[in-house]
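Quick notes on the structure that follows.
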Amino acid sequence: RGPATLESAYAEHTHMVLLPTRGHGPLTLAPNVEVERLGFGTWAWGNKLLWGYDEAADPVLEAAFRRAVAGAPLVDRRRFFFDTGDSYGTGAREGRAESLLGRFRREARARRRVAIGTKLAVYPWRLRGEDFEDACRASLRRMGESRMELVQAHWSAANFQPWQEPALWDGLARCYEAGLAGAVGTSNFGPKQLRKANAHWASRGVPHSANQVQLSLLSTLPLESGLLEASSELGVTPIGYSPLALGLLSGKYDADSVPAGPRGVLFRQLAPGLAPLLDTLREVSRARGKSVSQVAINWVMCQGAVVIVGIRTPEQAADNLGALGWRLSKAEQDALTEEARRVPKKATQNIFQTA
């Protein structure tokens with residue numbers, strides 16, 4: 001079904017496919033800070049449970065970071081968003097991702113090309129605005145910085161501890177007002193909660209510039225809920241995470257080949273129904289001369305979002321960068337979207353995702 005659909009689209013819209021397509025322009029991360037549509041996430045840095053982190057591989061992570069920000073400084077003036085969080089790192093390694101990212105940025109020749117945003121965990125013991133401000137200061141100490149471009153709420157408290165939400169909003173505002181961050185952001189906020197938080201910060205003159213949400217061909221809730229429309233109305237840049245659905249859309253796995261560990265359990269549930277969508281991704285990949293991952297990432301960019309992808313090896317960073325500089329045609333987007341609609345079982349939504 002996938003290739004046939006795409007071939008029909010090509011036949012109908014051949015001029016869209018054959019003409020060169022321009023890449024995506026940068027988006028605003030914070031006042032006076034524009035970043036490329038491709039950003040990098042550090043969830044795996046320090047996470048042994050899900051990603052098998054090993055400290056011995058830190059030099060490989062640094063090489064991946066350097067590959068991501070490499071470029072001729074006088075010619076290439078792009079900036080890239082690096083996303084992290086104070087809870088990234090399992091057990092005693094909590095905060096490891098922030099420490100590594102801060103060190104890599106300090107030691108990099110292309111420091112200016114890196115814009116950092118950390119997410120503060122909404123732990124139940126953080127009950128006052130001061131608690132979130134203190135957490136932000138701790139994050140900055142781990143990174144060896146005095147200020148970051150963006151500080152974000154890792155999730156909304158609305159679903160489980162709604163009484164904590166005012167402290168969260170106040171805490172992020174305090175971070176901005178204290179000069180610790182250039183703007184505030186949210187993560188896993190739906191359109192209703194996004195408007196509430198935005199109104200609070202607007203009343204205090206605090207720029208609310210970004211909202212992270214799970215967005216991929218297997219997670220299209222932001223397109224269906226009105227979230228992207230609300231973000232555009234409020235001037236909030238959408239940031240799409242998990243564009244490859246933990247690797248399901250990378251083209252590396254299928255029903256007969258899944259990764260080990262917890263991801264393998266999820267893959268076994270979803271992979272059997274993915275064949276037509278993966279066939280379509282591969283068809284576009286061949287036609288474009290791009291990797292399957294690059295096609296899946298570019299589809300998310302086409303939805304108007306900055307896309308954050310995992311970064312663990314230089315090769316992975318190089319492949320991800322190949323998603324920049326071009327744009328899927330409408331025919332290609334429509335073919336992929338149609339196959340995604342037909343997938344019988346989609347990616348599980350984040351439990352903290354609000355309305």
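Naming works like this for the structure tokens: A, B, ... for the chains as they're shown, residue 1 at the start of each chain, ligands 1 onward in shown order.
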
Exercise. Which neighbours of Leu194 in chain A fall inside 9 Å, counting only C-alpha atoms, when residues of the same chain fewer than 6 positions from it are skipped, and could you give them as a VMD selection string?
Worked result: chain A and resid 186 211 227 230 to 231 354 to 355

Exercise. Got a sec to tell me which of range 194-311 of chain A DSSP assigns to strand (DSSP E or B), as number ranges by chain?
Worked result: A: 208-214, 216, 219, 237-241, 254, 257, 306-310

For this session: From range 101-273 of chain A, collect each residue whose DSSP state is alpha helix (DSSP H) and return the set as a ChimeraX atom specification.
Result: /A:101-107,129-143,165-177,191-203,221-224,227-234,262-270

Exercise. Using only C-alpha atoms, which residues sit within 12 Å of Cys175 in chain A once same-chain residues fewer than 2 positions away are excluded, as a ChimeraX atom specification?
Worked result: /A:118,120,129-140,146-153,168-173,177-185,201,206-207

Restricting the output to N, CA and C atoms, write the selected residues as a short mmCIF file (atom, residue, chain, number, x, y, z; two decimals), in the first residue's frame.
```
data_model
loop_
_atom_site.label_atom_id
_atom_site.label_comp_id
_atom_site.auth_asym_id
_atom_site.auth_seq_id
_atom_site.Cartn_x
_atom_site.Cartn_y
_atom_site.Cartn_z
N THR A 118 17.48 23.50 29.61
CA THR A 118 17.30 22.37 30.51
C THR A 118 15.86 22.32 30.98
N LEU A 120 13.39 21.31 34.14
CA LEU A 120 13.37 21.05 35.58
C LEU A 120 12.27 20.06 35.90
N GLY A 129 7.96 28.31 44.52
CA GLY A 129 8.69 28.88 43.40
C GLY A 129 10.18 28.87 43.64
N GLU A 130 10.58 29.12 44.90
CA GLU A 130 11.99 29.14 45.24
C GLU A 130 12.66 27.78 44.97
N ASP A 131 11.90 26.71 45.14
CA ASP A 131 12.46 25.38 44.91
C ASP A 131 12.88 25.19 43.45
N PHE A 132 12.07 25.71 42.54
CA PHE A 132 12.42 25.59 41.12
C PHE A 132 13.57 26.53 40.75
N GLU A 133 13.59 27.70 41.37
CA GLU A 133 14.72 28.59 41.14
C GLU A 133 16.02 27.96 41.65
N ASP A 134 15.96 27.34 42.83
CA ASP A 134 17.14 26.65 43.37
C ASP A 134 17.58 25.52 42.44
N ALA A 135 16.61 24.80 41.88
CA ALA A 135 16.93 23.70 40.96
C ALA A 135 17.62 24.24 39.72
N CYS A 136 17.18 25.38 39.24
CA CYS A 136 17.80 25.99 38.06
C CYS A 136 19.24 26.40 38.36
N ARG A 137 19.45 26.96 39.54
CA ARG A 137 20.81 27.34 39.91
C ARG A 137 21.72 26.11 40.02
N ALA A 138 21.16 25.01 40.52
CA ALA A 138 21.94 23.77 40.61
C ALA A 138 22.30 23.24 39.22
N SER A 139 21.36 23.36 38.30
CA SER A 139 21.63 22.94 36.92
C SER A 139 22.75 23.77 36.32
N LEU A 140 22.71 25.07 36.53
CA LEU A 140 23.75 25.95 36.00
C LEU A 140 25.11 25.61 36.60
N SER A 146 26.54 30.55 34.00
CA SER A 146 25.82 31.51 34.84
C SER A 146 24.42 31.80 34.30
N ARG A 147 24.21 31.39 33.06
CA ARG A 147 22.91 31.67 32.41
C ARG A 147 22.72 30.68 31.27
N MET A 148 21.49 30.30 31.02
CA MET A 148 21.18 29.44 29.88
C MET A 148 20.14 30.13 29.00
N GLU A 149 20.02 29.66 27.79
CA GLU A 149 19.08 30.29 26.86
C GLU A 149 17.62 30.02 27.23
N LEU A 150 17.33 28.83 27.76
CA LEU A 150 15.94 28.44 28.00
C LEU A 150 15.86 27.53 29.22
N VAL A 151 14.92 27.83 30.13
CA VAL A 151 14.62 26.92 31.23
C VAL A 151 13.17 26.45 31.05
N GLN A 152 12.95 25.14 31.21
CA GLN A 152 11.65 24.57 30.88
C GLN A 152 11.08 23.74 32.03
N ALA A 153 9.78 23.65 32.08
CA ALA A 153 9.12 22.69 32.95
C ALA A 153 9.17 21.34 32.25
N LEU A 168 5.19 25.96 40.13
CA LEU A 168 5.99 25.70 38.93
C LEU A 168 6.05 26.95 38.06
N TRP A 169 4.89 27.52 37.80
CA TRP A 169 4.87 28.71 36.94
C TRP A 169 5.65 29.86 37.58
N ASP A 170 5.46 30.04 38.89
CA ASP A 170 6.18 31.09 39.59
C ASP A 170 7.68 30.82 39.57
N GLY A 171 8.05 29.56 39.75
CA GLY A 171 9.47 29.23 39.78
C GLY A 171 10.17 29.52 38.48
N LEU A 172 9.56 29.15 37.36
CA LEU A 172 10.18 29.44 36.07
C LEU A 172 10.28 30.95 35.83
N ALA A 173 9.24 31.67 36.24
CA ALA A 173 9.28 33.13 36.10
C ALA A 173 10.42 33.72 36.93
N GLU A 177 13.43 36.17 35.79
CA GLU A 177 13.57 37.48 36.46
C GLU A 177 14.92 37.61 37.16
N ALA A 178 15.51 36.50 37.57
CA ALA A 178 16.82 36.52 38.21
C ALA A 178 17.96 36.51 37.19
N GLY A 179 17.62 36.46 35.91
CA GLY A 179 18.64 36.48 34.87
C GLY A 179 19.32 35.14 34.65
N LEU A 180 18.68 34.06 35.11
CA LEU A 180 19.26 32.73 34.97
C LEU A 180 18.98 32.13 33.59
N ALA A 181 17.95 32.61 32.93
CA ALA A 181 17.55 32.08 31.62
C ALA A 181 16.98 33.20 30.76
N GLY A 182 17.14 33.04 29.44
CA GLY A 182 16.65 34.07 28.53
C GLY A 182 15.16 33.97 28.24
N ALA A 183 14.56 32.83 28.57
CA ALA A 183 13.13 32.63 28.34
C ALA A 183 12.72 31.37 29.10
N VAL A 184 11.40 31.16 29.19
CA VAL A 184 10.89 29.95 29.83
C VAL A 184 10.17 29.11 28.78
N GLY A 185 10.10 27.82 29.07
CA GLY A 185 9.43 26.90 28.15
C GLY A 185 8.67 25.85 28.92
N TRP A 201 2.58 33.96 32.59
CA TRP A 201 3.89 34.55 32.33
C TRP A 201 3.78 35.88 31.60
N VAL A 206 7.22 37.81 31.24
CA VAL A 206 8.19 36.72 31.06
C VAL A 206 7.95 36.07 29.70
N PRO A 207 8.95 36.00 28.82
CA PRO A 207 8.76 35.39 27.50
C PRO A 207 8.63 33.87 27.59
#
```

Exercise. What's the 12 Å shell around Arg105 in chain A, counting only C-alpha atoms, without same-chain residues fewer than 3 positions away, as an MDAnalysis selection string?
Worked result: chainID A and resid 62:63 65:66 68:69 80:82 98:102 108:116 143:145 148

Counting only C-alpha atoms, which residues of range 216-245 of chain A sit at most 10 Å from some atom of range 30-49 of chain A, and what is each one's closest atom pair with its distance in Å to one decimal, listed by chain and rising residue number, as CSV?
```
residue,atom,partner,partner_atom,distance
A:Val236,CA,A:Ala30,CA,9.6
A:Thr237,CA,A:Ala30,CA,9.2
A:Ile239,CA,A:Arg37,CA,8.8
A:Gly240,CA,A:Gly39,CA,9.5
A:Tyr241,CA,A:Gly41,CA,8.2
A:Ser242,CA,A:Gly41,CA,9.3
```

Seminar exercise, completed: Counting only C-alpha atoms, the residue among A:Thr90, A:Thr280, A:Asn188, A:Gln164 that lies closest to Lys119 in chain A is A:Asn188

For this session: Extract, using only C-alpha atoms, all DNA, RNA and protein residues at most 10 Å from Leu324 in chain A, discarding same-chain residues fewer than 5 positions from it, and format them as a PyMOL selection string.
Result: chain A and resi 22-25+36-38+294+297-298+301+319

Please dump the current selection as a PDB file, in the first residue's frame; keep N, CA, C and O atoms.
```pdb
ATOM      1  N   ARG A  22      13.577  23.944  -1.043  1.00  0.00           N
ATOM      2  CA  ARG A  22      14.373  24.682  -0.075  1.00  0.00           C
ATOM      3  C   ARG A  22      14.252  24.040   1.298  1.00  0.00           C
ATOM      4  O   ARG A  22      13.264  23.410   1.634  1.00  0.00           O
ATOM      5  N   GLY A  23      15.280  24.231   2.106  1.00  0.00           N
ATOM      6  CA  GLY A  23      15.242  23.721   3.468  1.00  0.00           C
ATOM      7  C   GLY A  23      14.341  24.564   4.350  1.00  0.00           C
ATOM      8  O   GLY A  23      13.733  25.551   3.918  1.00  0.00           O
ATOM      9  N   HIS A  24      14.274  24.179   5.600  1.00  0.00           N
ATOM     10  CA  HIS A  24      13.452  24.883   6.576  1.00  0.00           C
ATOM     11  C   HIS A  24      14.261  26.007   7.210  1.00  0.00           C
ATOM     12  O   HIS A  24      15.428  25.838   7.551  1.00  0.00           O
ATOM     13  N   GLY A  25      13.629  27.154   7.427  1.00  0.00           N
ATOM     14  CA  GLY A  25      14.296  28.263   8.084  1.00  0.00           C
ATOM     15  C   GLY A  25      14.376  28.049   9.582  1.00  0.00           C
ATOM     16  O   GLY A  25      13.703  27.184  10.143  1.00  0.00           O
ATOM     17  N   GLU A  36      18.370  26.256  14.419  1.00  0.00           N
ATOM     18  CA  GLU A  36      17.980  25.419  13.298  1.00  0.00           C
ATOM     19  C   GLU A  36      16.806  24.517  13.687  1.00  0.00           C
ATOM     20  O   GLU A  36      16.539  24.282  14.865  1.00  0.00           O
ATOM     21  N   ARG A  37      16.123  23.994  12.661  1.00  0.00           N
ATOM     22  CA  ARG A  37      14.991  23.097  12.922  1.00  0.00           C
ATOM     23  C   ARG A  37      15.429  21.765  13.520  1.00  0.00           C
ATOM     24  O   ARG A  37      14.609  21.009  14.016  1.00  0.00           O
ATOM     25  N   LEU A  38      16.715  21.473  13.474  1.00  0.00           N
ATOM     26  CA  LEU A  38      17.241  20.257  14.076  1.00  0.00           C
ATOM     27  C   LEU A  38      17.980  20.609  15.354  1.00  0.00           C
ATOM     28  O   LEU A  38      18.894  21.428  15.354  1.00  0.00           O
ATOM     29  N   GLN A 294      16.369  10.401   8.181  1.00  0.00           N
ATOM     30  CA  GLN A 294      16.314  11.781   7.706  1.00  0.00           C
ATOM     31  C   GLN A 294      14.930  12.131   7.170  1.00  0.00           C
ATOM     32  O   GLN A 294      14.428  13.234   7.382  1.00  0.00           O
ATOM     33  N   ILE A 297      12.512  12.498  10.190  1.00  0.00           N
ATOM     34  CA  ILE A 297      12.794  13.753  10.898  1.00  0.00           C
ATOM     35  C   ILE A 297      12.293  14.939  10.091  1.00  0.00           C
ATOM     36  O   ILE A 297      11.689  15.885  10.634  1.00  0.00           O
ATOM     37  N   ASN A 298      12.521  14.928   8.783  1.00  0.00           N
ATOM     38  CA  ASN A 298      12.094  16.039   7.943  1.00  0.00           C
ATOM     39  C   ASN A 298      10.582  16.187   7.955  1.00  0.00           C
ATOM     40  O   ASN A 298      10.057  17.308   7.887  1.00  0.00           O
ATOM     41  N   MET A 301       9.789  18.273  10.851  1.00  0.00           N
ATOM     42  CA  MET A 301      10.140  19.663  10.563  1.00  0.00           C
ATOM     43  C   MET A 301       9.055  20.346   9.742  1.00  0.00           C
ATOM     44  O   MET A 301       8.755  21.530   9.932  1.00  0.00           O
ATOM     45  N   ASP A 319      24.360  11.732  10.367  1.00  0.00           N
ATOM     46  CA  ASP A 319      23.146  11.300   9.674  1.00  0.00           C
ATOM     47  C   ASP A 319      21.986  12.230   9.991  1.00  0.00           C
ATOM     48  O   ASP A 319      21.223  12.622   9.105  1.00  0.00           O
TER      49      ASP A 319
END
```

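Reported to one decimal place, the separation of CA of Val343 in chain A from CA of Leu228 in chain A is 22.1 Å.
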